[in-house]
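Visitor: structure_17.cif (mmCIF, C-alpha atoms) pasted underneath:
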data_run
#
loop_
_atom_site.group_PDB
_atom_site.id
_atom_site.type_symbol
_atom_site.label_atom_id
_atom_site.label_comp_id
_atom_site.auth_asym_id
_atom_site.auth_seq_id
_atom_site.Cartn_x
_atom_site.Cartn_y
_atom_site.Cartn_z
ATOM 1 C CA MET L 9 0.000 0.000 0.000
ATOM 2 C CA SER L 10 1.313 3.468 -0.831
ATOM 3 C CA SER L 11 1.651 6.188 1.749
ATOM 4 C CA VAL L 12 -0.445 9.335 1.708
ATOM 5 C CA PRO L 13 1.382 12.048 -0.278
ATOM 6 C CA SER L 14 2.708 14.956 1.791
ATOM 7 C CA GLU L 15 2.247 17.555 -0.972
ATOM 8 C CA ILE L 16 -1.230 18.564 -2.073
ATOM 9 C CA PRO L 17 -1.530 18.857 -5.879
ATOM 10 C CA LEU L 18 -3.336 21.769 -7.483
ATOM 11 C CA HIS L 19 -6.072 19.596 -8.957
ATOM 12 C CA ALA L 20 -7.008 18.411 -5.442
ATOM 13 C CA TRP L 21 -7.854 21.997 -4.473
ATOM 14 C CA LEU L 22 -9.907 22.380 -7.664
ATOM 15 C CA ILE L 23 -11.879 19.208 -6.894
ATOM 16 C CA MET L 24 -12.387 20.421 -3.323
ATOM 17 C CA GLY L 25 -13.744 23.752 -4.553
ATOM 18 C CA ILE L 26 -16.254 22.047 -6.838
ATOM 19 C CA ALA L 27 -17.235 19.665 -4.030
ATOM 20 C CA LEU L 28 -17.814 22.594 -1.662
ATOM 21 C CA PHE L 29 -20.294 24.292 -3.982
ATOM 22 C CA ALA L 30 -21.963 20.970 -4.829
ATOM 23 C CA VAL L 31 -22.620 19.927 -1.222
ATOM 24 C CA SER L 32 -23.688 23.475 -0.349
ATOM 25 C CA SER L 33 -26.578 23.241 -2.819
ATOM 26 C CA ALA L 34 -28.076 20.094 -1.260
ATOM 27 C CA GLY L 35 -30.019 21.785 1.540
ATOM 28 C CA ALA L 36 -31.942 24.084 -0.800
ATOM 29 C CA VAL L 37 -32.835 21.194 -3.130
ATOM 30 C CA PHE L 38 -33.955 19.003 -0.224
ATOM 31 C CA GLU L 39 -36.235 21.847 0.913
ATOM 32 C CA MET L 40 -37.946 21.779 -2.501
ATOM 33 C CA ILE L 41 -38.972 18.131 -1.985
ATOM 34 C CA GLU L 42 -42.027 19.030 0.058
ATOM 35 C CA GLY L 43 -44.347 16.617 1.809
ATOM 36 C CA VAL L 44 -41.666 13.917 2.150
ATOM 37 C CA ALA L 45 -40.167 13.044 5.537
ATOM 38 C CA GLY L 46 -36.484 13.705 6.190
ATOM 39 C CA LEU L 47 -35.226 10.123 6.489
ATOM 40 C CA THR L 48 -37.044 9.164 3.306
ATOM 41 C CA LYS L 49 -35.347 11.989 1.410
ATOM 42 C CA ALA L 50 -31.965 10.933 2.803
ATOM 43 C CA ALA L 51 -32.571 7.318 1.734
ATOM 44 C CA TRP L 52 -33.583 8.442 -1.756
ATOM 45 C CA ARG L 53 -30.428 10.471 -2.218
ATOM 46 C CA LEU L 54 -28.127 7.639 -1.157
ATOM 47 C CA GLN L 55 -30.024 5.087 -3.276
ATOM 48 C CA ALA L 56 -29.641 7.239 -6.368
ATOM 49 C CA THR L 57 -26.000 8.060 -5.613
ATOM 50 C CA SER L 58 -25.242 4.338 -5.230
ATOM 51 C CA LEU L 59 -26.591 3.718 -8.734
ATOM 52 C CA VAL L 60 -24.396 6.513 -10.099
ATOM 53 C CA LEU L 61 -21.290 5.067 -8.398
ATOM 54 C CA LEU L 62 -21.936 1.418 -9.324
ATOM 55 C CA PRO L 63 -20.411 1.477 -12.857
ATOM 56 C CA GLY L 64 -17.179 2.996 -11.514
ATOM 57 C CA PHE L 65 -17.013 0.343 -8.797
ATOM 58 C CA LEU L 66 -17.532 -2.527 -11.243
ATOM 59 C CA LEU L 67 -14.854 -1.144 -13.565
ATOM 60 C CA GLN L 68 -12.261 -0.633 -10.817
ATOM 61 C CA TYR L 69 -12.983 -4.000 -9.202
ATOM 62 C CA SER L 70 -12.631 -5.805 -12.525
ATOM 63 C CA ARG L 71 -9.227 -4.165 -13.058
ATOM 64 C CA ALA L 72 -7.960 -4.754 -9.507
ATOM 65 C CA ASP L 73 -5.261 -7.382 -9.000
ATOM 66 C CA SER L 74 -5.567 -10.163 -6.424
ATOM 67 C CA ALA L 75 -3.566 -8.253 -3.780
ATOM 68 C CA LEU L 76 -5.816 -5.182 -4.002
ATOM 69 C CA ARG L 77 -8.962 -7.315 -3.894
ATOM 70 C CA HIS L 78 -7.612 -9.092 -0.800
ATOM 71 C CA ASP L 79 -6.830 -5.803 0.947
ATOM 72 C CA TRP L 80 -10.234 -4.404 -0.070
ATOM 73 C CA ARG L 81 -12.107 -7.392 1.362
ATOM 74 C CA GLY L 82 -10.075 -7.067 4.548
ATOM 75 C CA SER L 83 -11.270 -3.460 4.874
ATOM 76 C CA LEU L 84 -15.004 -4.191 4.518
ATOM 77 C CA GLY L 85 -15.511 -3.673 8.260
ATOM 78 C CA LEU L 86 -14.103 -0.143 7.993
ATOM 79 C CA LEU L 87 -16.224 0.541 4.908
ATOM 80 C CA CYS L 88 -19.377 -0.563 6.757
ATOM 81 C CA ALA L 89 -18.436 1.656 9.716
ATOM 82 C CA SER L 90 -17.982 4.581 7.327
ATOM 83 C CA GLY L 91 -21.382 3.822 5.777
ATOM 84 C CA LEU L 92 -22.959 3.826 9.246
ATOM 85 C CA CYS L 93 -21.415 7.223 10.009
ATOM 86 C CA LEU L 94 -22.673 8.577 6.669
ATOM 87 C CA ALA L 95 -26.190 7.242 7.332
ATOM 88 C CA LEU L 96 -26.279 8.865 10.774
ATOM 89 C CA HIS L 97 -24.962 12.110 9.288
ATOM 90 C CA PHE L 98 -27.628 12.291 6.589
ATOM 91 C CA GLY L 99 -30.418 10.989 8.804
ATOM 92 C CA THR L 100 -29.929 13.489 11.612
ATOM 93 C CA TRP L 101 -29.317 16.362 9.202
ATOM 94 C CA LEU L 102 -32.386 15.701 7.028
ATOM 95 C CA VAL L 103 -34.610 15.377 10.098
ATOM 96 C CA SER L 104 -33.166 18.660 11.373
ATOM 97 C CA LEU L 105 -34.165 20.367 8.103
ATOM 98 C CA ASP L 106 -37.790 19.483 8.898
ATOM 99 C CA MET L 107 -37.500 20.994 12.382
ATOM 100 C CA THR L 108 -35.335 24.112 12.115
ATOM 101 C CA THR L 109 -34.344 26.672 9.487
ATOM 102 C CA LEU L 110 -32.081 25.930 6.519
ATOM 103 C CA THR L 111 -29.414 28.377 7.717
ATOM 104 C CA HIS L 112 -29.331 26.978 11.262
ATOM 105 C CA SER L 113 -29.266 23.401 10.012
ATOM 106 C CA LEU L 114 -26.374 24.128 7.649
ATOM 107 C CA LEU L 115 -24.485 26.014 10.342
ATOM 108 C CA PHE L 116 -24.622 23.269 12.968
ATOM 109 C CA VAL L 117 -24.083 20.368 10.551
ATOM 110 C CA THR L 118 -20.816 22.038 9.489
ATOM 111 C CA ALA L 119 -19.500 22.392 13.045
ATOM 112 C CA HIS L 120 -17.262 19.367 12.451
ATOM 113 C CA PRO L 121 -13.972 21.343 12.631
ATOM 114 C CA LEU L 122 -14.716 21.984 16.296
ATOM 115 C CA VAL L 123 -15.581 18.297 16.782
ATOM 116 C CA ILE L 124 -12.257 17.272 15.226
ATOM 117 C CA ILE L 125 -10.316 19.753 17.378
ATOM 118 C CA VAL L 126 -11.977 18.442 20.565
ATOM 119 C CA GLY L 127 -11.451 14.841 19.442
ATOM 120 C CA LEU L 128 -7.749 15.415 18.847
ATOM 121 C CA TRP L 129 -7.469 16.997 22.291
ATOM 122 C CA LEU L 130 -9.211 14.006 23.920
ATOM 123 C CA LEU L 131 -6.808 11.667 22.097
ATOM 124 C CA ARG L 132 -3.918 13.765 23.419
ATOM 125 C CA ARG L 133 -2.921 14.657 19.884
ATOM 126 C CA PRO L 134 -3.936 18.318 19.974
ATOM 127 C CA ALA L 135 -4.081 20.373 16.811
ATOM 128 C CA THR L 136 -1.820 23.381 16.480
ATOM 129 C CA ARG L 137 -2.915 26.657 18.017
ATOM 130 C CA MET L 138 -3.367 28.111 14.534
ATOM 131 C CA GLN L 139 -5.666 25.232 13.516
ATOM 132 C CA SER L 140 -7.718 25.536 16.694
ATOM 133 C CA VAL L 141 -8.105 29.292 16.361
ATOM 134 C CA GLY L 142 -8.912 28.929 12.659
ATOM 135 C CA ALA L 143 -11.671 26.406 13.325
ATOM 136 C CA LEU L 144 -13.210 28.575 16.049
ATOM 137 C CA VAL L 145 -12.978 31.817 14.076
ATOM 138 C CA GLY L 146 -14.363 30.145 10.965
ATOM 139 C CA PHE L 147 -17.372 28.748 12.810
ATOM 140 C CA VAL L 148 -18.078 32.039 14.598
ATOM 141 C CA GLY L 149 -17.705 33.915 11.318
ATOM 142 C CA ALA L 150 -20.161 31.626 9.563
ATOM 143 C CA ALA L 151 -22.571 32.008 12.488
ATOM 144 C CA VAL L 152 -22.389 35.797 12.255
ATOM 145 C CA VAL L 153 -22.982 35.748 8.494
ATOM 146 C CA VAL L 154 -25.948 33.361 8.496
ATOM 147 C CA GLY L 155 -27.440 35.078 11.534
ATOM 148 C CA GLY L 156 -26.924 38.574 10.187
ATOM 149 C CA GLY L 157 -30.478 38.889 8.997
ATOM 150 C CA GLY L 158 -31.832 39.007 12.546
ATOM 151 C CA GLU L 159 -33.904 36.493 14.449
ATOM 152 C CA GLU L 160 -35.365 33.829 12.190
ATOM 153 C CA ALA L 161 -38.804 32.325 12.497
ATOM 154 C CA GLY L 162 -38.872 28.546 12.698
ATOM 155 C CA VAL L 163 -35.658 28.023 14.665
ATOM 156 C CA ASN L 164 -35.892 24.907 16.834
ATOM 157 C CA LEU L 165 -33.308 23.969 19.467
ATOM 158 C CA TYR L 166 -33.816 20.221 19.037
ATOM 159 C CA GLY L 167 -33.506 20.586 15.270
ATOM 160 C CA ASP L 168 -30.233 22.481 15.779
ATOM 161 C CA PHE L 169 -29.027 19.661 18.068
ATOM 162 C CA LEU L 170 -29.823 17.021 15.437
ATOM 163 C CA ALA L 171 -27.858 19.020 12.861
ATOM 164 C CA PHE L 172 -24.913 19.108 15.261
ATOM 165 C CA LEU L 173 -25.132 15.313 15.630
ATOM 166 C CA GLY L 174 -24.777 15.228 11.870
ATOM 167 C CA ALA L 175 -21.497 17.121 12.274
ATOM 168 C CA VAL L 176 -20.264 14.660 14.901
ATOM 169 C CA THR L 177 -21.011 11.576 12.811
ATOM 170 C CA VAL L 178 -19.510 12.940 9.584
ATOM 171 C CA VAL L 179 -16.149 13.156 11.357
ATOM 172 C CA GLY L 180 -16.007 9.343 11.496
ATOM 173 C CA TYR L 181 -16.781 9.225 7.793
ATOM 174 C CA LEU L 182 -13.923 11.644 6.999
ATOM 175 C CA VAL L 183 -11.408 9.924 9.291
ATOM 176 C CA ILE L 184 -12.063 6.445 7.865
ATOM 177 C CA GLY L 185 -11.845 7.832 4.355
ATOM 178 C CA ARG L 186 -8.461 9.329 5.186
ATOM 179 C CA MET L 187 -7.289 5.951 6.536
ATOM 180 C CA VAL L 188 -8.019 3.973 3.380
ATOM 181 C CA ARG L 189 -7.991 6.433 0.479
ATOM 182 C CA GLY L 190 -4.191 6.482 0.402
ATOM 183 C CA TRP L 191 -4.294 3.072 -1.288
ATOM 184 C CA MET L 192 -7.910 2.219 -2.087
ATOM 185 C CA PRO L 193 -9.265 3.361 -5.495
ATOM 186 C CA LEU L 194 -12.023 5.961 -5.308
ATOM 187 C CA PHE L 195 -15.048 3.919 -6.375
ATOM 188 C CA LEU L 196 -13.967 0.817 -4.449
ATOM 189 C CA TYR L 197 -14.351 3.050 -1.389
ATOM 190 C CA ALA L 198 -17.250 5.334 -2.319
ATOM 191 C CA PHE L 199 -19.737 2.768 -3.660
ATOM 192 C CA PRO L 200 -19.842 0.295 -0.747
ATOM 193 C CA VAL L 201 -19.916 3.122 1.793
ATOM 194 C CA THR L 202 -22.798 4.814 -0.045
ATOM 195 C CA ALA L 203 -24.660 1.529 -0.579
ATOM 196 C CA VAL L 204 -24.403 0.569 3.103
ATOM 197 C CA SER L 205 -25.656 4.018 4.035
ATOM 198 C CA ALA L 206 -28.577 3.735 1.589
ATOM 199 C CA VAL L 207 -29.650 0.373 3.038
ATOM 200 C CA LEU L 208 -29.414 1.642 6.629
ATOM 201 C CA LEU L 209 -31.341 4.831 5.865
ATOM 202 C CA THR L 210 -34.055 2.899 4.030
ATOM 203 C CA GLY L 211 -34.474 0.599 7.034
ATOM 204 C CA TRP L 212 -34.456 3.583 9.404
ATOM 205 C CA ALA L 213 -37.158 5.326 7.350
ATOM 206 C CA ILE L 214 -39.297 2.162 7.316
ATOM 207 C CA PHE L 215 -39.054 1.907 11.099
ATOM 208 C CA ALA L 216 -39.371 5.587 12.020
ATOM 209 C CA GLU L 217 -41.506 7.049 9.232
ATOM 210 C CA GLY L 218 -43.576 4.100 8.049
ATOM 211 C CA MET L 219 -41.992 4.061 4.596
ATOM 212 C CA THR L 220 -43.553 1.398 2.355
ATOM 213 C CA PHE L 221 -42.307 -0.544 -0.666
ATOM 214 C CA ASP L 222 -45.419 0.290 -2.688
ATOM 215 C CA LEU L 223 -44.064 1.326 -6.110
ATOM 216 C CA ALA L 224 -47.124 3.513 -6.692
ATOM 217 C CA GLU L 225 -46.531 5.463 -3.459
ATOM 218 C CA MET L 226 -44.782 8.791 -4.115
ATOM 219 C CA THR L 227 -43.327 8.831 -0.596
ATOM 220 C CA GLY L 228 -42.396 5.147 -0.590
ATOM 221 C CA ALA L 229 -38.989 3.494 -0.640
ATOM 222 C CA PHE L 230 -38.540 4.152 -4.362
ATOM 223 C CA GLY L 231 -40.871 7.120 -4.732
ATOM 224 C CA TRP L 232 -37.987 9.219 -6.038
ATOM 225 C CA VAL L 233 -38.350 7.610 -9.477
ATOM 226 C CA SER L 234 -41.747 9.325 -9.908
ATOM 227 C CA ALA L 235 -41.990 12.286 -12.286
ATOM 228 C CA ALA L 236 -42.475 14.602 -9.313
ATOM 229 C CA TRP L 237 -39.127 13.893 -7.683
ATOM 230 C CA VAL L 238 -36.762 12.220 -10.127
ATOM 231 C CA GLY L 239 -35.263 15.492 -11.348
ATOM 232 C CA TYR L 240 -34.441 16.680 -7.847
ATOM 233 C CA VAL L 241 -33.019 13.352 -6.710
ATOM 234 C CA ALA L 242 -31.027 12.967 -9.931
ATOM 235 C CA TYR L 243 -29.421 16.327 -9.228
ATOM 236 C CA LEU L 244 -28.717 15.331 -5.615
ATOM 237 C CA ALA L 245 -27.021 12.143 -6.849
ATOM 238 C CA LEU L 246 -24.922 13.803 -9.559
ATOM 239 C CA GLY L 247 -24.245 17.142 -7.855
ATOM 240 C CA PRO L 248 -23.919 16.850 -4.056
ATOM 241 C CA GLY L 249 -23.482 13.070 -4.346
ATOM 242 C CA LEU L 250 -20.979 12.484 -7.155
ATOM 243 C CA ALA L 251 -19.294 15.896 -7.460
ATOM 244 C CA GLY L 252 -19.698 16.674 -3.755
ATOM 245 C CA HIS L 253 -19.187 13.741 -1.406
ATOM 246 C CA THR L 254 -17.332 11.599 -3.925
ATOM 247 C CA GLY L 255 -15.138 14.605 -4.692
ATOM 248 C CA ILE L 256 -14.371 14.908 -0.980
ATOM 249 C CA ASN L 257 -13.560 11.189 -0.896
ATOM 250 C CA ALA L 258 -11.195 11.752 -3.810
ATOM 251 C CA VAL L 259 -9.203 14.549 -2.146
ATOM 252 C CA LEU L 260 -8.947 12.683 1.178
ATOM 253 C CA ARG L 261 -5.985 11.009 -0.494
ATOM 254 C CA TRP L 262 -4.111 14.320 -0.265
ATOM 255 C CA ILE L 263 -5.964 16.708 2.068
ATOM 256 C CA PRO L 264 -6.308 15.956 5.824
ATOM 257 C CA PRO L 265 -9.842 15.744 7.306
ATOM 258 C CA LEU L 266 -9.309 18.841 9.481
ATOM 259 C CA THR L 267 -8.392 20.948 6.452
ATOM 260 C CA ILE L 268 -11.398 19.668 4.505
ATOM 261 C CA SER L 269 -13.594 20.279 7.521
ATOM 262 C CA MET L 270 -12.419 23.881 7.826
ATOM 263 C CA ILE L 271 -13.075 24.498 4.123
ATOM 264 C CA LEU L 272 -16.609 23.139 4.541
ATOM 265 C CA ILE L 273 -17.288 25.836 7.149
ATOM 266 C CA MET L 274 -18.265 27.935 4.119
ATOM 267 C CA GLU L 275 -21.141 25.534 3.358
ATOM 268 C CA PRO L 276 -23.812 27.334 5.451
ATOM 269 C CA VAL L 277 -22.924 30.680 3.875
ATOM 270 C CA ILE L 278 -22.926 29.364 0.301
ATOM 271 C CA GLY L 279 -25.954 27.163 0.973
ATOM 272 C CA SER L 280 -27.933 30.081 2.404
ATOM 273 C CA VAL L 281 -27.140 32.173 -0.680
ATOM 274 C CA ILE L 282 -28.210 29.313 -2.961
ATOM 275 C CA GLY L 283 -31.415 28.918 -0.946
ATOM 276 C CA TRP L 284 -32.091 32.669 -1.248
ATOM 277 C CA ILE L 285 -31.467 32.576 -5.017
ATOM 278 C CA CYS L 286 -33.806 29.625 -5.430
ATOM 279 C CA GLY L 287 -36.469 31.502 -3.486
ATOM 280 C CA CYS L 288 -36.000 34.660 -5.539
ATOM 281 C CA CYS L 289 -36.171 32.686 -8.783
ATOM 282 C CA GLY L 290 -39.492 31.187 -7.718
ATOM 283 C CA CYS L 291 -38.236 27.601 -7.694
ATOM 284 C CA ARG L 292 -41.086 25.250 -6.863
ATOM 285 C CA ARG L 293 -41.637 21.577 -7.220
ATOM 286 C CA TRP L 294 -44.158 19.879 -9.479
ATOM 287 C CA ARG L 295 -47.193 19.291 -7.308
ATOM 288 C CA TRP L 296 -49.435 16.223 -7.446
ATOM 289 C CA ARG L 297 -53.068 17.197 -7.872
ATOM 290 C CA GLY L 298 -55.122 14.752 -5.857
ATOM 291 C CA SER L 299 -55.829 11.448 -7.571
ATOM 292 C CA ARG L 300 -55.693 12.921 -11.068
ATOM 293 C CA SER L 301 -52.773 11.764 -13.177
ATOM 294 C CA GLN L 302 -51.227 15.165 -13.802
ATOM 295 C CA PHE L 303 -48.839 17.616 -12.245
ATOM 296 C CA VAL L 304 -49.153 21.387 -11.978
ATOM 297 C CA TRP L 305 -46.391 23.958 -11.632
#
Translate the structure described by the file into structure tokens.

Guide:
Amino acid sequence: MSSVPSEIPLHAWLIMGIALFAVSSAGAVFEMIEGVAGLTKAAWRLQATSLVLLPGFLLQYSRADSALRHDWRGSLGLLCASGLCLALHFGTWLVSLDMTTLTHSLLFVTAHPLVIIVGLWLLRRPATRMQSVGALVGFVGAAVVVGGGGEEAGVNLYGDFLAFLGAVTVVGYLVIGRMVRGWMPLFLYAFPVTAVSAVLLTGWAIFAEGMTFDLAEMTGAFGWVSAAWVGYVAYLALGPGLAGHTGINAVLRWIPPLTISMILIMEPVIGSVIGWICGCCGCRRWRWRGSRSQFVW
């Protein structure tokens, strides 16, 4: 297995920039999928993203030699743990979007730099003073920006707490990715992690939200393939899913989790701007009109 490179190439920063804007757009798009519970939306996104990643996985696995396949199979426990962390991240965050405002949800779900700093301190491997101050200043700065419009209606303390849990759980996802991406090809990592997360979120939604497997049900396990939602979920899979999270998985080979985490502090600011633009542009979803087989704008 090769070691993680010490120098960060220019293209890694470019991928990270694209990933930042891609993941920042997810909250606004999720908000457009109205009338669907949070866990169901999270399951839909991961299901669709898994389908997008599957061809890359099959190609890389078919080209892998016996040593790589052996090492990959030996890492399946870590990949499942990463998938669990990703499922908890998306589940808590999407539920928080139903309970608090978009700006608050984005702010608290991107508090992971502070979580990493505290975790390093607990492990007696403290970050540098500059890193600690940078994480704190970045979070406070983002809080000031997203809260600059005054007191928001719809803020919910429990919803904010769930978003923060999403920040805690995504740290495990980033750390495991850093551990294996130095030697594991991108899709051999990203697909199984995403697929495990999709299965867990689907089961969670069935248990907590009463999700059904009725193919005719627009809020069921595969309701995202309906004409009402397929466009939104396709974007979530290709944009925040492929370009966003898979892009982050790609740069974990070069960029440490703390650095990525600090860059993602900008997500609530960018996401709030995207949400505002979508509102100003009159973005609405196609609405189902009763039992009649048509949609209205």

Visitor: Kindly resolve the PyMOL selection byres ((chain L and resi 262-279) around 6) on the present coordinates and return the residues as a ChimeraX atom specification.

Guide: /L:13,16,32-33,114-115,118,121,182,259-261,280-282

Visitor: Once the PyMOL selection byres ((chain L and resi 246) around 12) is applied to the coordinates I shared, what remains selected? I want it as an mmCIF file with C-alpha atoms, keeping the file's coordinate frame.

Guide:
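Produced file expr_10.cif, reproduced below:
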data_model
loop_
_atom_site.group_PDB
_atom_site.id
_atom_site.type_symbol
_atom_site.label_atom_id
_atom_site.label_comp_id
_atom_site.auth_asym_id
_atom_site.auth_seq_id
_atom_site.Cartn_x
_atom_site.Cartn_y
_atom_site.Cartn_z
ATOM 1 C CA ALA L 27 -17.235 19.665 -4.030
ATOM 2 C CA ALA L 30 -21.963 20.970 -4.829
ATOM 3 C CA VAL L 31 -22.620 19.927 -1.222
ATOM 4 C CA SER L 33 -26.578 23.241 -2.819
ATOM 5 C CA ALA L 34 -28.076 20.094 -1.260
ATOM 6 C CA ARG L 53 -30.428 10.471 -2.218
ATOM 7 C CA LEU L 54 -28.127 7.639 -1.157
ATOM 8 C CA GLN L 55 -30.024 5.087 -3.276
ATOM 9 C CA ALA L 56 -29.641 7.239 -6.368
ATOM 10 C CA THR L 57 -26.000 8.060 -5.613
ATOM 11 C CA SER L 58 -25.242 4.338 -5.230
ATOM 12 C CA LEU L 59 -26.591 3.718 -8.734
ATOM 13 C CA VAL L 60 -24.396 6.513 -10.099
ATOM 14 C CA LEU L 61 -21.290 5.067 -8.398
ATOM 15 C CA VAL L 238 -36.762 12.220 -10.127
ATOM 16 C CA GLY L 239 -35.263 15.492 -11.348
ATOM 17 C CA TYR L 240 -34.441 16.680 -7.847
ATOM 18 C CA VAL L 241 -33.019 13.352 -6.710
ATOM 19 C CA ALA L 242 -31.027 12.967 -9.931
ATOM 20 C CA TYR L 243 -29.421 16.327 -9.228
ATOM 21 C CA LEU L 244 -28.717 15.331 -5.615
ATOM 22 C CA ALA L 245 -27.021 12.143 -6.849
ATOM 23 C CA GLY L 247 -24.245 17.142 -7.855
ATOM 24 C CA PRO L 248 -23.919 16.850 -4.056
ATOM 25 C CA GLY L 249 -23.482 13.070 -4.346
ATOM 26 C CA LEU L 250 -20.979 12.484 -7.155
ATOM 27 C CA ALA L 251 -19.294 15.896 -7.460
ATOM 28 C CA GLY L 252 -19.698 16.674 -3.755
ATOM 29 C CA HIS L 253 -19.187 13.741 -1.406
ATOM 30 C CA THR L 254 -17.332 11.599 -3.925
ATOM 31 C CA GLY L 255 -15.138 14.605 -4.692
#

Visitor: Grab the CA of Arg71 in chain L to CA of Phe195 in chain L distance for me, in Å with one decimal place.

Guide: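 Straight-line distance from CA of Arg71 in chain L to CA of Phe195 in chain L works out to 12.0 Å.
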
Visitor: Can you translate the PyMOL selection byres ((chain L and resi 66) around 12) into the concrete residues it hits in this file, as a PyMOL selection string?

Guide: chain L and resi 58-65+67-72+193-200

Visitor: Separation of CA of Val163 in chain L and CA of Thr108 in chain L, in Å?

Guide: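 Interatomic distance here is 4.7 Å.
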
Visitor: I'd like the contact shell of Asp79 in chain L - 10 Å cut-off, only C-alpha atoms, skipping same-chain residues fewer than 5 positions apart - returned as a list in words.

Guide: Met9, Ser74, Leu84, Trp191 and Met192 of chain L

Visitor: Which is closer to Thr111 in chain L than all the others in L:Asp168, L:Glu225, L:Glu217, L:Glu15, using only C-alpha atoms?

Guide: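 Closest residue, counting only C-alpha atoms: L:Asp168.
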
Visitor: Using Å and a single decimal, report how far CA of Ser104 in chain L sits from CA of Phe221 in chain L.

Guide: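 For CA of Phe221 in chain L relative to CA of Ser104 in chain L, the distance reads 24.4 Å.
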
Visitor: My list of candidates is L:Leu18, L:Met40, L:Val176, L:Ala235. Which is closest to Phe116 in chain L when distances are computed with only C-alpha atoms?

Guide: L:Val176

Visitor: Go through L:Val37, L:Ala45, L:Ile124, L:Cys286 and flag the residue nearest Gly180 in chain L, using only C-alpha atoms for the distances.

Guide: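 Answer, going by the shortest atom-to-atom distance: L:Ile124.
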
Visitor: Put a box with edges along x, y and z around all the listed atoms of range 216-230 of chain L, pad it by 5 Å on each side, then give me its centre and sizes in Å, one decimal, as AutoDock Vina command-line options.

Guide:
--center_x -42.8 --center_y 4.1 --center_z 2.7 --size_x 18.6 --size_y 19.4 --size_z 28.7

Visitor: As a VMD selection string, please: the residues near Gly91 in chain L (cut-off 8 Å, only C-alpha atoms, same-chain neighbours under 6 positions excluded).

Guide: chain L and resid 181 200 to 205

Visitor: With a distance cut-off of 8 Å and all atoms listed in the file, select the neighbouring residues of Ala50 in chain L, excluding the residue or stretch itself and same-chain residues fewer than 5 positions from it, and output the selection as a ChimeraX atom specification.

Guide: /L:98-99,102,209
